[in-house]
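Asker: Below is final.txt; it holds compact mmCIF, C-alpha atoms and all ligand atoms.
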# COMPACT_ATOMS: atom_id res chain seq x y z
CA MET A 1 0.00 0.00 0.00
CA THR A 2 1.21 3.52 -0.73
CA ALA A 3 -0.40 6.21 1.35
CA HIS A 4 -2.52 8.95 -0.11
CA ILE A 5 -0.52 12.11 0.57
CA ILE A 6 -2.77 14.75 2.10
CA ASP A 7 -1.93 18.06 0.45
CA GLY A 8 -2.20 20.67 3.19
CA LYS A 9 -1.29 23.48 0.81
CA PHE A 10 -4.24 22.62 -1.42
CA PHE A 11 -6.78 22.47 1.43
CA ALA A 12 -5.41 25.64 3.01
CA LYS A 13 -5.74 27.48 -0.30
CA GLN A 14 -9.29 26.19 -0.66
CA LEU A 15 -10.12 27.42 2.84
CA ARG A 16 -8.58 30.84 2.17
CA GLU A 17 -10.56 31.17 -1.06
CA GLU A 18 -13.81 30.30 0.75
CA LEU A 19 -12.99 32.85 3.44
CA LYS A 20 -12.11 35.50 0.88
CA GLY A 21 -15.55 35.06 -0.70
CA LYS A 22 -17.32 35.34 2.66
CA ILE A 23 -15.25 38.35 3.77
CA SER A 24 -15.89 40.19 0.52
CA ASP A 25 -19.57 40.22 1.55
CA CYS A 26 -18.76 41.76 4.94
CA HIS A 27 -19.65 45.33 5.74
CA ALA A 28 -16.16 46.12 7.04
CA ALA A 29 -12.98 44.03 6.97
CA PRO A 30 -12.38 41.85 10.05
CA GLN A 31 -9.30 43.03 11.94
CA LEU A 32 -6.51 40.98 13.46
CA ALA A 33 -3.85 42.45 15.77
CA VAL A 34 -0.55 40.55 15.91
CA ILE A 35 1.76 41.27 18.85
CA TRP A 36 5.37 40.22 18.45
CA VAL A 37 8.07 40.82 21.03
CA GLY A 38 11.75 40.35 20.16
CA ASP A 39 13.38 39.20 16.96
CA ASN A 40 13.24 35.41 17.00
CA GLU A 41 14.03 34.29 13.44
CA ALA A 42 11.30 31.63 13.23
CA SER A 43 8.74 34.06 14.66
CA ALA A 44 9.61 36.59 11.94
CA VAL A 45 8.70 33.98 9.31
CA TYR A 46 5.44 33.02 11.06
CA VAL A 47 4.39 36.65 11.61
CA SER A 48 5.01 37.57 8.00
CA SER A 49 3.13 34.51 6.68
CA LYS A 50 0.15 35.39 8.89
CA GLN A 51 0.19 38.99 7.63
CA LYS A 52 0.43 37.89 4.01
CA ALA A 53 -2.36 35.32 4.30
CA ALA A 54 -4.62 37.77 6.16
CA GLN A 55 -4.14 40.37 3.47
CA GLU A 56 -4.92 37.79 0.78
CA VAL A 57 -8.35 36.96 2.27
CA GLY A 58 -9.25 40.56 3.11
CA ILE A 59 -8.54 40.58 6.86
CA ALA A 60 -6.86 43.81 7.99
CA CYS A 61 -3.81 42.71 9.95
CA GLU A 62 -1.85 45.15 12.08
CA LEU A 63 1.53 44.16 13.53
CA PHE A 64 2.65 45.59 16.89
CA HIS A 65 6.35 44.84 17.19
CA PHE A 66 8.19 45.38 20.48
CA SER A 67 11.92 45.13 21.03
CA ALA A 68 13.19 42.16 23.08
CA ASP A 69 13.74 44.39 26.13
CA ALA A 70 10.11 45.60 26.25
CA SER A 71 8.38 45.07 29.58
CA GLU A 72 5.31 43.00 30.36
CA ALA A 73 3.59 46.25 31.33
CA ASP A 74 4.17 47.70 27.83
CA VAL A 75 2.52 44.69 26.22
CA LEU A 76 -0.32 44.53 28.76
CA THR A 77 -1.12 48.20 28.14
CA LEU A 78 -1.39 47.52 24.42
CA ILE A 79 -3.60 44.45 24.99
CA GLU A 80 -5.91 46.48 27.22
CA ARG A 81 -6.24 49.08 24.47
CA LEU A 82 -6.87 46.48 21.76
CA ASN A 83 -9.41 44.71 23.99
CA MET A 84 -11.41 47.95 24.07
CA GLU A 85 -11.18 48.78 20.38
CA ARG A 86 -14.39 47.71 18.72
CA GLU A 87 -12.86 47.35 15.28
CA VAL A 88 -10.28 44.82 16.49
CA ASN A 89 -11.80 41.34 16.29
CA GLY A 90 -8.82 39.13 17.06
CA ILE A 91 -5.62 39.52 19.07
CA ILE A 92 -2.72 37.10 18.96
CA VAL A 93 0.64 37.13 20.68
CA GLN A 94 3.41 35.42 18.75
CA LEU A 95 5.14 32.82 20.93
CA PRO A 96 7.70 32.33 22.30
CA LEU A 97 7.94 35.52 24.34
CA PRO A 98 11.34 36.61 25.71
CA LYS A 99 12.36 34.80 28.91
CA HIS A 100 11.55 37.70 31.25
CA PHE A 101 7.86 37.50 30.27
CA HIS A 102 5.29 35.44 32.12
CA GLU A 103 3.49 33.93 29.13
CA ARG A 104 0.29 33.19 31.08
CA HIS A 105 -0.05 36.82 32.29
CA ILE A 106 0.05 38.01 28.72
CA LEU A 107 -2.22 35.39 27.17
CA GLU A 108 -4.83 35.64 29.92
CA ALA A 109 -5.06 39.43 29.41
CA ILE A 110 -6.62 39.01 25.97
CA ARG A 111 -10.38 39.43 25.93
CA THR A 112 -11.87 35.96 25.53
CA ASP A 113 -14.00 36.79 22.51
CA LYS A 114 -10.87 38.12 20.76
CA ASP A 115 -8.66 35.14 21.70
CA VAL A 116 -8.46 33.74 18.16
CA ASP A 117 -5.48 31.53 19.06
CA ALA A 118 -7.66 30.00 21.83
CA PHE A 119 -4.68 29.82 24.20
CA LYS A 120 -6.57 31.13 27.23
CA GLN A 121 -7.41 28.67 29.98
CA VAL A 122 -11.12 29.39 29.70
CA MET A 123 -10.97 28.46 26.00
CA SER A 124 -9.22 25.16 26.81
CA GLY A 125 -11.88 24.37 29.40
CA ALA A 126 -14.66 25.17 26.94
CA LEU A 127 -13.07 22.89 24.35
CA TRP A 128 -12.99 19.95 26.78
CA GLN A 129 -16.69 20.63 27.48
CA ASN A 130 -17.34 20.71 23.73
CA SER A 131 -18.67 24.25 23.91
CA ALA A 132 -15.78 26.34 22.54
CA PRO A 133 -16.52 28.90 19.80
CA TRP A 134 -13.31 27.77 18.09
CA ALA A 135 -10.15 25.82 18.94
CA SER A 136 -6.51 26.66 18.48
CA ALA A 137 -5.50 26.77 14.87
CA THR A 138 -3.11 23.83 14.49
CA PRO A 139 -5.37 21.11 15.98
CA GLN A 140 -8.34 22.50 14.07
CA GLY A 141 -6.30 22.32 10.87
CA VAL A 142 -5.33 18.73 11.67
CA LEU A 143 -8.97 17.77 12.19
CA LYS A 144 -9.89 19.32 8.82
CA LEU A 145 -7.15 17.29 7.13
CA ILE A 146 -8.30 14.06 8.82
CA LYS A 147 -11.82 14.75 7.59
CA THR A 148 -10.61 14.99 4.00
CA VAL A 149 -9.96 11.25 4.17
CA LEU A 150 -12.32 10.00 6.93
CA SER A 151 -15.90 11.21 6.82
CA ASP A 152 -16.92 9.63 10.14
CA LEU A 153 -14.54 9.49 13.06
CA THR A 154 -17.01 7.81 15.43
CA GLY A 155 -15.40 5.02 17.43
CA LYS A 156 -11.99 5.39 15.78
CA HIS A 157 -9.06 4.89 18.06
CA ALA A 158 -6.82 7.96 17.87
CA ILE A 159 -3.47 8.51 19.48
CA VAL A 160 -2.04 11.99 19.98
CA ILE A 161 1.70 12.00 20.64
CA GLY A 162 2.36 15.18 22.64
CA ARG A 163 0.40 16.92 25.39
CA SER A 164 1.26 20.60 25.02
CA ASN A 165 -1.42 23.18 25.76
CA ILE A 166 -1.33 24.53 22.22
CA VAL A 167 -1.25 21.31 20.17
CA GLY A 168 -1.52 17.95 21.95
CA LYS A 169 -4.25 18.64 24.50
CA PRO A 170 -6.62 20.61 22.25
CA MET A 171 -6.05 17.98 19.55
CA ALA A 172 -7.11 15.23 21.96
CA ALA A 173 -10.19 17.23 22.99
CA LEU A 174 -11.23 17.82 19.37
CA LEU A 175 -10.91 14.11 18.57
CA LEU A 176 -12.87 13.20 21.70
CA ASN A 177 -15.57 15.66 20.63
CA GLU A 178 -15.72 13.70 17.35
CA ASP A 179 -16.43 10.52 19.35
CA CYS A 180 -12.98 9.02 18.89
CA THR A 181 -11.44 6.93 21.64
CA VAL A 182 -8.34 8.94 22.44
CA THR A 183 -4.96 8.00 23.86
CA ILE A 184 -2.61 10.85 24.79
CA ALA A 185 1.08 9.95 24.79
CA HIS A 186 3.99 12.02 26.10
CA SER A 187 7.66 11.73 26.98
CA LYS A 188 6.94 9.49 30.00
CA THR A 189 4.65 7.12 28.09
CA VAL A 190 5.72 3.48 28.33
CA ASP A 191 5.84 1.38 25.15
CA LEU A 192 4.68 4.00 22.66
CA PRO A 193 5.05 1.66 19.64
CA THR A 194 2.44 -0.77 21.02
CA LEU A 195 -0.01 2.06 21.68
CA VAL A 196 0.48 3.50 18.20
CA GLN A 197 -0.07 0.06 16.66
CA LYS A 198 -3.65 0.09 17.97
CA ALA A 199 -4.54 3.45 16.46
CA ASP A 200 -6.66 4.17 13.38
CA ILE A 201 -5.55 7.82 13.56
CA VAL A 202 -2.07 8.92 14.62
CA VAL A 203 -1.32 12.59 15.29
CA ALA A 204 2.38 13.10 15.97
CA ALA A 205 3.09 16.42 17.72
CA CYS A 206 6.20 15.89 19.81
CA GLY A 207 9.00 17.62 17.93
CA GLN A 208 11.11 14.43 17.71
CA PRO A 209 12.35 14.04 14.12
CA ARG A 210 11.21 10.79 12.44
CA LEU A 211 10.25 9.22 15.78
CA VAL A 212 7.20 7.38 14.43
CA LYS A 213 8.31 4.29 12.54
CA LYS A 214 6.67 2.15 9.86
CA GLU A 215 6.53 -0.87 12.21
CA TRP A 216 4.41 1.15 14.66
CA ILE A 217 1.66 1.89 12.15
CA LYS A 218 -1.45 -0.24 11.81
CA PRO A 219 -1.94 -0.86 8.07
CA GLY A 220 -4.53 1.57 6.76
CA ALA A 221 -4.12 4.14 9.54
CA VAL A 222 -4.35 7.88 8.90
CA VAL A 223 -1.14 9.58 10.03
CA ILE A 224 -0.86 13.34 10.59
CA ASP A 225 2.56 14.83 11.19
CA VAL A 226 2.51 18.12 13.11
CA GLY A 227 6.19 18.12 14.04
CA ILE A 228 8.61 20.59 12.54
CA THR A 229 12.29 20.39 13.40
CA LYS A 230 15.17 21.84 11.43
CA VAL A 231 17.71 19.08 10.75
CA ASP A 232 20.76 19.94 8.60
CA GLY A 233 18.93 22.98 7.26
CA ARG A 234 15.80 21.00 6.27
CA LEU A 235 12.40 20.81 7.96
CA VAL A 236 11.72 17.32 9.28
CA GLY A 237 8.53 15.94 10.81
CA ASP A 238 7.93 13.52 13.69
CA VAL A 239 7.09 10.69 11.28
CA ASP A 240 9.51 8.61 9.23
CA PHE A 241 7.64 9.68 6.09
CA GLU A 242 9.43 7.62 3.44
CA ASN A 243 8.80 4.31 5.24
CA VAL A 244 5.46 5.06 6.92
CA LYS A 245 3.92 5.90 3.54
CA GLU A 246 4.23 2.20 2.65
CA VAL A 247 1.70 1.17 5.33
CA ALA A 248 -0.50 4.15 6.13
CA ALA A 249 -3.68 4.83 4.17
CA ALA A 250 -3.08 8.57 4.28
CA LEU A 251 -0.22 10.73 5.47
CA THR A 252 0.70 14.41 5.62
CA PRO A 253 4.09 15.65 4.39
CA VAL A 254 6.42 18.08 6.17
CA PRO A 255 6.53 20.74 4.90
CA GLY A 256 3.23 21.22 3.05
CA GLY A 257 0.91 19.35 5.43
CA VAL A 258 -0.29 20.81 8.71
CA GLY A 259 1.73 24.07 8.55
CA PRO A 260 -0.31 25.82 5.84
CA MET A 261 -3.56 24.78 7.55
CA THR A 262 -2.52 26.45 10.81
CA VAL A 263 -2.44 29.91 9.23
CA ALA A 264 -5.69 29.34 7.33
CA MET A 265 -7.49 28.23 10.51
CA LEU A 266 -6.26 31.30 12.39
CA LEU A 267 -7.89 33.44 9.71
CA GLN A 268 -11.07 31.41 9.97
CA ASN A 269 -11.11 31.94 13.76
CA THR A 270 -10.71 35.70 13.20
CA TYR A 271 -13.67 35.68 10.83
CA THR A 272 -15.76 33.66 13.31
CA ALA A 273 -14.85 36.12 16.10
CA TYR A 274 -15.86 38.99 13.83
CA LEU A 275 -19.27 37.42 13.15
CA LYS A 276 -19.88 36.65 16.84
CA GLN A 277 -18.93 40.18 17.92
CA LYS A 278 -21.19 41.66 15.25
CA ASP A 279 -24.07 39.44 16.43
CA SER A 280 -23.62 40.51 20.03
CA LEU A 281 -23.87 44.24 19.27
P1 LIG B 301 6.14 21.02 23.02
O1 LIG B 301 7.62 20.92 23.08
O2 LIG B 301 5.44 22.07 23.80
O3 LIG B 301 5.49 19.62 23.40
C1 LIG B 301 6.03 18.41 22.94
C2 LIG B 301 5.25 17.28 23.52
O4 LIG B 301 5.78 16.08 22.99
C3 LIG B 301 5.33 17.19 25.03
O5 LIG B 301 4.06 16.89 25.55
C4 LIG B 301 6.32 16.06 25.28
O6 LIG B 301 6.05 15.31 26.45
C5 LIG B 301 6.07 15.18 24.07
N1 LIG B 301 7.22 14.37 23.72
C6 LIG B 301 8.51 14.75 23.62
N2 LIG B 301 9.29 13.72 23.31
C7 LIG B 301 8.48 12.64 23.23
C8 LIG B 301 8.71 11.27 22.95
N3 LIG B 301 9.93 10.78 22.69
N4 LIG B 301 7.65 10.44 22.95
C9 LIG B 301 6.41 10.90 23.22
N5 LIG B 301 6.13 12.20 23.49
C10 LIG B 301 7.17 13.04 23.50
O7 LIG B 301 5.81 21.19 21.45
P2 LIG B 301 4.49 21.71 20.71
O8 LIG B 301 3.33 20.92 21.13
O9 LIG B 301 4.42 23.18 20.74
O10 LIG B 301 4.86 21.31 19.21
C11 LIG B 301 5.11 19.96 18.85
C12 LIG B 301 5.71 19.93 17.47
O11 LIG B 301 4.79 20.50 16.54
C13 LIG B 301 7.00 20.75 17.33
O12 LIG B 301 7.85 20.12 16.41
C14 LIG B 301 6.52 22.08 16.75
O13 LIG B 301 7.51 22.73 16.01
C15 LIG B 301 5.40 21.59 15.86
N6 LIG B 301 4.36 22.58 15.60
C16 LIG B 301 3.92 22.67 14.33
C17 LIG B 301 2.92 23.54 14.00
C18 LIG B 301 2.46 23.58 12.62
O14 LIG B 301 1.75 24.51 12.24
N7 LIG B 301 2.78 22.57 11.78
C19 LIG B 301 2.32 24.44 15.00
C20 LIG B 301 2.79 24.20 16.35
C21 LIG B 301 3.79 23.30 16.62
P3 LIG B 301 6.14 15.94 27.94
O15 LIG B 301 4.87 16.72 28.12
O16 LIG B 301 6.20 14.76 28.81
O17 LIG B 301 7.36 16.81 27.95
Just give me the structure as structure tokens.
Ligand code: NDP

Answerer:
Amino acid sequence: MTAHIIDGKFFAKQLREELKGKISDCHAAPQLAVIWVGDNEASAVYVSSKQKAAQEVGIACELFHFSADASEADVLTLIERLNMEREVNGIIVQLPLPKHFHERHILEAIRTDKDVDAFKQVMSGALWQNSAPWASATPQGVLKLIKTVLSDLTGKHAIVIGRSNIVGKPMAALLLNEDCTVTIAHSKTVDLPTLVQKADIVVAACGQPRLVKKEWIKPGAVVIDVGITKVDGRLVGDVDFENVKEVAAALTPVPGGVGPMTVAMLLQNTYTAYLKQKDSL
């Protein structure tokens, strides 16, 4: 068997085109505020791809860039102002923040209905209760990609490798909300290969290059690779792609899989926030 390769770029483009159509019917452009502190090289790439994609679909995206020595108070003052501004529908803070920042203080300051990254604790809680208005972008993008190959997830056994607050946990909650039976694995998990062998859906989000091996995969499983690690100048996923593609039914590549979906889903969350705020006026 050779896996169907799930083309994240294609589905992300499709999503952006749909959004562009919907936004062109809007009275005013939805607005997204991006806060970036410091000059982390990877963050620069992410921030500029978010700006470019927002512009493409008609979302007005304003970047607020602070130097690495900015204080928490500077950023909190800005968030307070953006929280109050009616025209601003979404606020995101590019992570990681410099070491002297308390990430939680900053993220929790964002008004919940503008938290389009869904990183606030209240948003995580709502997701686990299946009542969140949206989920964080990467897991939502993963779910979309899974649904391009599996129409009904009911009763499927899914394993999520990784339990971070921004990828692993919300991913597990989304799959549970789809009636999957979910296993969450992490660095202390014992006998990961045996657990993965039982799974119909494997989501690898642990940042360990090529960790997931062909022998671990149940023939016909759907495998989604969230991991991105730079190895010898190239981006490498958490799945041993070349070998796993021989047994999986469907598999995402790195790059070109989950990454493009993350940005598209962020834009979708901004649009959803815009609609909800308009409705509540
Ligand atoms: P974190 O470092 O925050 O979390 C990694 C998780 O993986 C932790 O829960 C950790 O366990 C677990 N883990 C580490 N090693 C192993 C192992 N050997 N076996 C099982 N579990 C393990 O990373 P993120 O969740 O933020 O990101 C994960 C990956 O996804 C990274 O490569 C990141 O670059 C990528 N990413 C990609 C995005 C995209 O758009 N494509 C977006 C966001 C992230 P423990 O909790 O015990 O430490």

Asker: Select from chain A every residue with an atom at most 8 Å from any atom of ligand LIG 301 (chain B), then for each give the shortest pair of atoms and their distance in Å to one decimal, using all atoms listed in the file, rows by chain and rising number, as a Markdown table.

Answerer:
| residue | atom | partner | partner_atom | distance |
| --- | --- | --- | --- | --- |
| A:Thr138 | CA | B:LIG301 | O14 | 5.4 |
| A:Ile161 | CA | B:LIG301 | N5 | 5.3 |
| A:Gly162 | CA | B:LIG301 | O4 | 3.6 |
| A:Arg163 | CA | B:LIG301 | O5 | 3.7 |
| A:Ser164 | CA | B:LIG301 | O8 | 4.4 |
| A:Asn165 | CA | B:LIG301 | O8 | 7.0 |
| A:Ile166 | CA | B:LIG301 | O8 | 6.0 |
| A:Val167 | CA | B:LIG301 | O8 | 4.7 |
| A:Gly168 | CA | B:LIG301 | O8 | 5.7 |
| A:Ala185 | CA | B:LIG301 | C9 | 5.6 |
| A:His186 | CA | B:LIG301 | N5 | 3.4 |
| A:Ser187 | CA | B:LIG301 | C10 | 3.8 |
| A:Lys188 | CA | B:LIG301 | O16 | 5.5 |
| A:Thr189 | CA | B:LIG301 | C9 | 6.4 |
| A:Leu192 | CA | B:LIG301 | N4 | 7.1 |
| A:Ala204 | CA | B:LIG301 | C12 | 7.7 |
| A:Ala205 | CA | B:LIG301 | C11 | 4.2 |
| A:Cys206 | CA | B:LIG301 | O4 | 3.2 |
| A:Gly207 | CA | B:LIG301 | O12 | 3.1 |
| A:Gln208 | CA | B:LIG301 | N2 | 5.9 |
| A:Pro209 | CA | B:LIG301 | O12 | 7.9 |
| A:Leu211 | CA | B:LIG301 | N3 | 7.1 |
| A:Asp225 | CA | B:LIG301 | N7 | 7.8 |
| A:Val226 | CA | B:LIG301 | N7 | 4.7 |
| A:Gly227 | CA | B:LIG301 | O12 | 3.5 |
| A:Ile228 | CA | B:LIG301 | O12 | 4.0 |
| A:Thr229 | CA | B:LIG301 | O12 | 5.4 |
| A:Gly237 | CA | B:LIG301 | O12 | 7.0 |
| A:Asp238 | CA | B:LIG301 | O12 | 7.1 |
| A:Gly257 | CA | B:LIG301 | N7 | 7.4 |
| A:Val258 | CA | B:LIG301 | N7 | 4.7 |
| A:Gly259 | CA | B:LIG301 | N7 | 3.7 |
| A:Pro260 | CA | B:LIG301 | O14 | 6.8 |
| A:Met261 | CA | B:LIG301 | O14 | 7.1 |
| A:Thr262 | CA | B:LIG301 | O14 | 4.9 |
| A:Val263 | CA | B:LIG301 | O14 | 7.5 |

Asker: Ranking A:Gln140, A:Ser71, A:Gln31, A:Asn243 by minimum distance to A:Lys114 and counting all atoms listed in the file, which one comes first?

Answerer: A:Gln31

Asker: Which one of A:Lys20, A:Lys50, A:Lys13, A:Arg234 sits closest to A:Ala137 if you count only C-alpha atoms?

Answerer: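 Once distances to A:Ala137 are computed over only C-alpha atoms, the minimum belongs to A:Lys50.
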
Asker: Between A:Leu195, A:Leu150, A:Leu127, A:Ala264, which is the closest to A:Met171 once you count all atoms listed in the file?

Answerer: A:Leu127

Asker: Would you pick out the contacts of stretch 72-87 of chain A at 8 Å or less, using all atoms listed in the file, so that residues sharing its chain but fewer than 5 positions from it are not included, and give the list as a list in words?

Answerer: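 With the cut-off at 8 Å, the set is Pro30, Gln31, Ala33, Phe101, His102, Ile106, Ala109, Ile110, Arg111 and Lys114 of chain A.
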
Asker: If we count all atoms listed in the file and set the cut-off at 12 Å, which residues sit around A:Tyr274, ignoring sequence neighbours fewer than 5 positions away in its own chain? Please answer as a PyMOL selection string.

Answerer: chain A and resi 22-23+26-32+59-60+86-91+113-116+133+267-269+279-281

Asker: Could you tell me how far atom CA of A:Val93 sits from atom CA of A:Asp117, in Å to one decimal place?

Answerer: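 Atom CA of A:Asp117 sits 8.5 Å away from atom CA of A:Val93.
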
Asker: What does the distance between atom CA of A:Ile5 and atom CA of A:Thr252 come to in Å, to one decimal place?

Answerer: 5.7 Å

Asker: In terms of the shortest atom-to-atom distance over only C-alpha atoms, which of A:Ile224, A:Leu145, A:Ile92, A:Leu176 is closest to A:Gln129?

Answerer: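 Looking only at the distances to A:Gln129, the closest residue turns out to be A:Leu176.
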
Asker: For A:Gln94, list every protein, DNA or RNA residue within 9 Å, evaluated using all atoms listed in the file, and leave out those in the same chain fewer than 2 positions away; present the list as a ChimeraX atom specification.

Answerer: /A:34-37,43,46-47,92,96-97

Asker: Next, dump the selected residues to file, keeping only C-alpha atoms, as a CSV table (one decimal), in the frame of the given file.

Answerer:
chain,number,residue,atom,x,y,z
A,34,VAL,CA,-0.6,40.6,15.9
A,35,ILE,CA,1.8,41.3,18.8
A,36,TRP,CA,5.4,40.2,18.4
A,37,VAL,CA,8.1,40.8,21.0
A,43,SER,CA,8.7,34.1,14.7
A,46,TYR,CA,5.4,33.0,11.1
A,47,VAL,CA,4.4,36.6,11.6
A,92,ILE,CA,-2.7,37.1,19.0
A,96,PRO,CA,7.7,32.3,22.3
A,97,LEU,CA,7.9,35.5,24.3

Asker: With all atoms listed in the file as the basis for distance, which of A:Ser136, A:Ser48, A:Thr148, A:Thr270 is at the shortest distance from A:Ala172?

Answerer: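 The answer is A:Ser136, which sits nearest to A:Ala172.
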
Asker: Which value, in Å to one decimal, gives the distance between atom CA of A:Gly38 and atom CA of A:Lys169?

Answerer: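 Between atom CA of A:Gly38 and atom CA of A:Lys169 the gap works out to 27.3 Å.
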
Asker: From the options A:Met265, A:Ala273, A:Ala44, A:Val182, which residue's atoms come nearest to A:Leu19, counting all atoms listed in the file?

Answerer: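 Of the candidates, the smallest distance to A:Leu19 is held by A:Met265.
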
Asker: Hey, what's within 9 Å of A:Ala132 if we count all atoms listed in the file and toss same-chain stuff fewer than 5 positions away? As a list in words, please?

Answerer: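 Here the answer would be Ala118, Met123, Ser124, Gly125, Ala126 and Leu127 of chain A.
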
Asker: Neighbours of A:Ile217 within 7 Å (all atoms listed in the file; same-chain residues fewer than 5 positions away dropped), as a PDB file with C-alpha atoms, in the frame of the given file?

Answerer:
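The resulting file, result_19.pdb, is shown below:
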ATOM      1  CA  VAL A 196       0.480   3.500  18.200  1.00  0.00           C
ATOM      2  CA  GLN A 197      -0.070   0.060  16.660  1.00  0.00           C
ATOM      3  CA  VAL A 247       1.700   1.170   5.330  1.00  0.00           C
ATOM      4  CA  ALA A 248      -0.500   4.150   6.130  1.00  0.00           C
TER       5      ALA A 248
END

Asker: Go ahead and fit an axis-aligned box to every listed atom of stretch 154-168 of chain A plus 3 Å each side, and pass me the centre and edge lengths in Å, one decimal, as AutoDock Vina command-line options.

Answerer:
--center_x -7.3 --center_y 14.7 --center_z 20.6 --size_x 25.4 --size_y 25.6 --size_z 16.3

Asker: Model the absent atoms of stretch 204-216 of chain A so that N, CA, C and O atoms are present, and write the result as a PDB file, in the coordinates of the input.

Answerer:
ATOM      1  N   ALA A 204       1.066  12.993  15.330  1.00  0.00           N
ATOM      2  CA  ALA A 204       2.380  13.100  15.970  1.00  0.00           C
ATOM      3  C   ALA A 204       2.707  14.574  16.157  1.00  0.00           C
ATOM      4  O   ALA A 204       2.823  15.324  15.183  1.00  0.00           O
ATOM      5  N   ALA A 205       2.822  15.002  17.408  1.00  0.00           N
ATOM      6  CA  ALA A 205       3.090  16.420  17.720  1.00  0.00           C
ATOM      7  C   ALA A 205       4.048  16.485  18.898  1.00  0.00           C
ATOM      8  O   ALA A 205       3.715  16.986  19.966  1.00  0.00           O
ATOM      9  N   CYS A 206       5.247  15.949  18.692  1.00  0.00           N
ATOM     10  CA  CYS A 206       6.200  15.890  19.810  1.00  0.00           C
ATOM     11  C   CYS A 206       7.543  16.536  19.496  1.00  0.00           C
ATOM     12  O   CYS A 206       8.392  16.652  20.376  1.00  0.00           O
ATOM     13  N   GLY A 207       7.749  16.947  18.249  1.00  0.00           N
ATOM     14  CA  GLY A 207       9.000  17.620  17.930  1.00  0.00           C
ATOM     15  C   GLY A 207      10.217  16.704  18.004  1.00  0.00           C
ATOM     16  O   GLY A 207      11.317  17.157  18.307  1.00  0.00           O
ATOM     17  N   GLN A 208      10.003  15.406  17.716  1.00  0.00           N
ATOM     18  CA  GLN A 208      11.110  14.430  17.710  1.00  0.00           C
ATOM     19  C   GLN A 208      11.253  13.889  16.283  1.00  0.00           C
ATOM     20  O   GLN A 208      10.451  13.060  15.850  1.00  0.00           O
ATOM     21  N   PRO A 209      12.250  14.388  15.538  1.00  0.00           N
ATOM     22  CA  PRO A 209      12.350  14.040  14.120  1.00  0.00           C
ATOM     23  C   PRO A 209      12.294  12.543  13.840  1.00  0.00           C
ATOM     24  O   PRO A 209      13.030  11.768  14.426  1.00  0.00           O
ATOM     25  N   ARG A 210      11.386  12.175  12.953  1.00  0.00           N
ATOM     26  CA  ARG A 210      11.210  10.790  12.440  1.00  0.00           C
ATOM     27  C   ARG A 210      11.038   9.760  13.549  1.00  0.00           C
ATOM     28  O   ARG A 210      11.432   8.598  13.405  1.00  0.00           O
ATOM     29  N   LEU A 211      10.448  10.157  14.661  1.00  0.00           N
ATOM     30  CA  LEU A 211      10.250   9.220  15.780  1.00  0.00           C
ATOM     31  C   LEU A 211       9.316   8.056  15.402  1.00  0.00           C
ATOM     32  O   LEU A 211       9.571   6.900  15.750  1.00  0.00           O
ATOM     33  N   VAL A 212       8.236   8.382  14.699  1.00  0.00           N
ATOM     34  CA  VAL A 212       7.200   7.380  14.430  1.00  0.00           C
ATOM     35  C   VAL A 212       7.608   6.508  13.238  1.00  0.00           C
ATOM     36  O   VAL A 212       7.766   6.986  12.114  1.00  0.00           O
ATOM     37  N   LYS A 213       7.753   5.212  13.537  1.00  0.00           N
ATOM     38  CA  LYS A 213       8.310   4.290  12.540  1.00  0.00           C
ATOM     39  C   LYS A 213       7.212   3.475  11.854  1.00  0.00           C
ATOM     40  O   LYS A 213       6.120   3.280  12.402  1.00  0.00           O
ATOM     41  N   LYS A 214       7.584   2.978  10.669  1.00  0.00           N
ATOM     42  CA  LYS A 214       6.670   2.150   9.860  1.00  0.00           C
ATOM     43  C   LYS A 214       6.102   0.980  10.665  1.00  0.00           C
ATOM     44  O   LYS A 214       4.915   0.674  10.589  1.00  0.00           O
ATOM     45  N   GLU A 215       6.945   0.327  11.456  1.00  0.00           N
ATOM     46  CA  GLU A 215       6.530  -0.870  12.210  1.00  0.00           C
ATOM     47  C   GLU A 215       5.487  -0.532  13.276  1.00  0.00           C
ATOM     48  O   GLU A 215       4.808  -1.422  13.789  1.00  0.00           O
ATOM     49  N   TRP A 216       5.371   0.747  13.633  1.00  0.00           N
ATOM     50  CA  TRP A 216       4.410   1.150  14.660  1.00  0.00           C
ATOM     51  C   TRP A 216       2.998   1.334  14.087  1.00  0.00           C
ATOM     52  O   TRP A 216       2.043   1.457  14.846  1.00  0.00           O
TER      53      TRP A 216
END
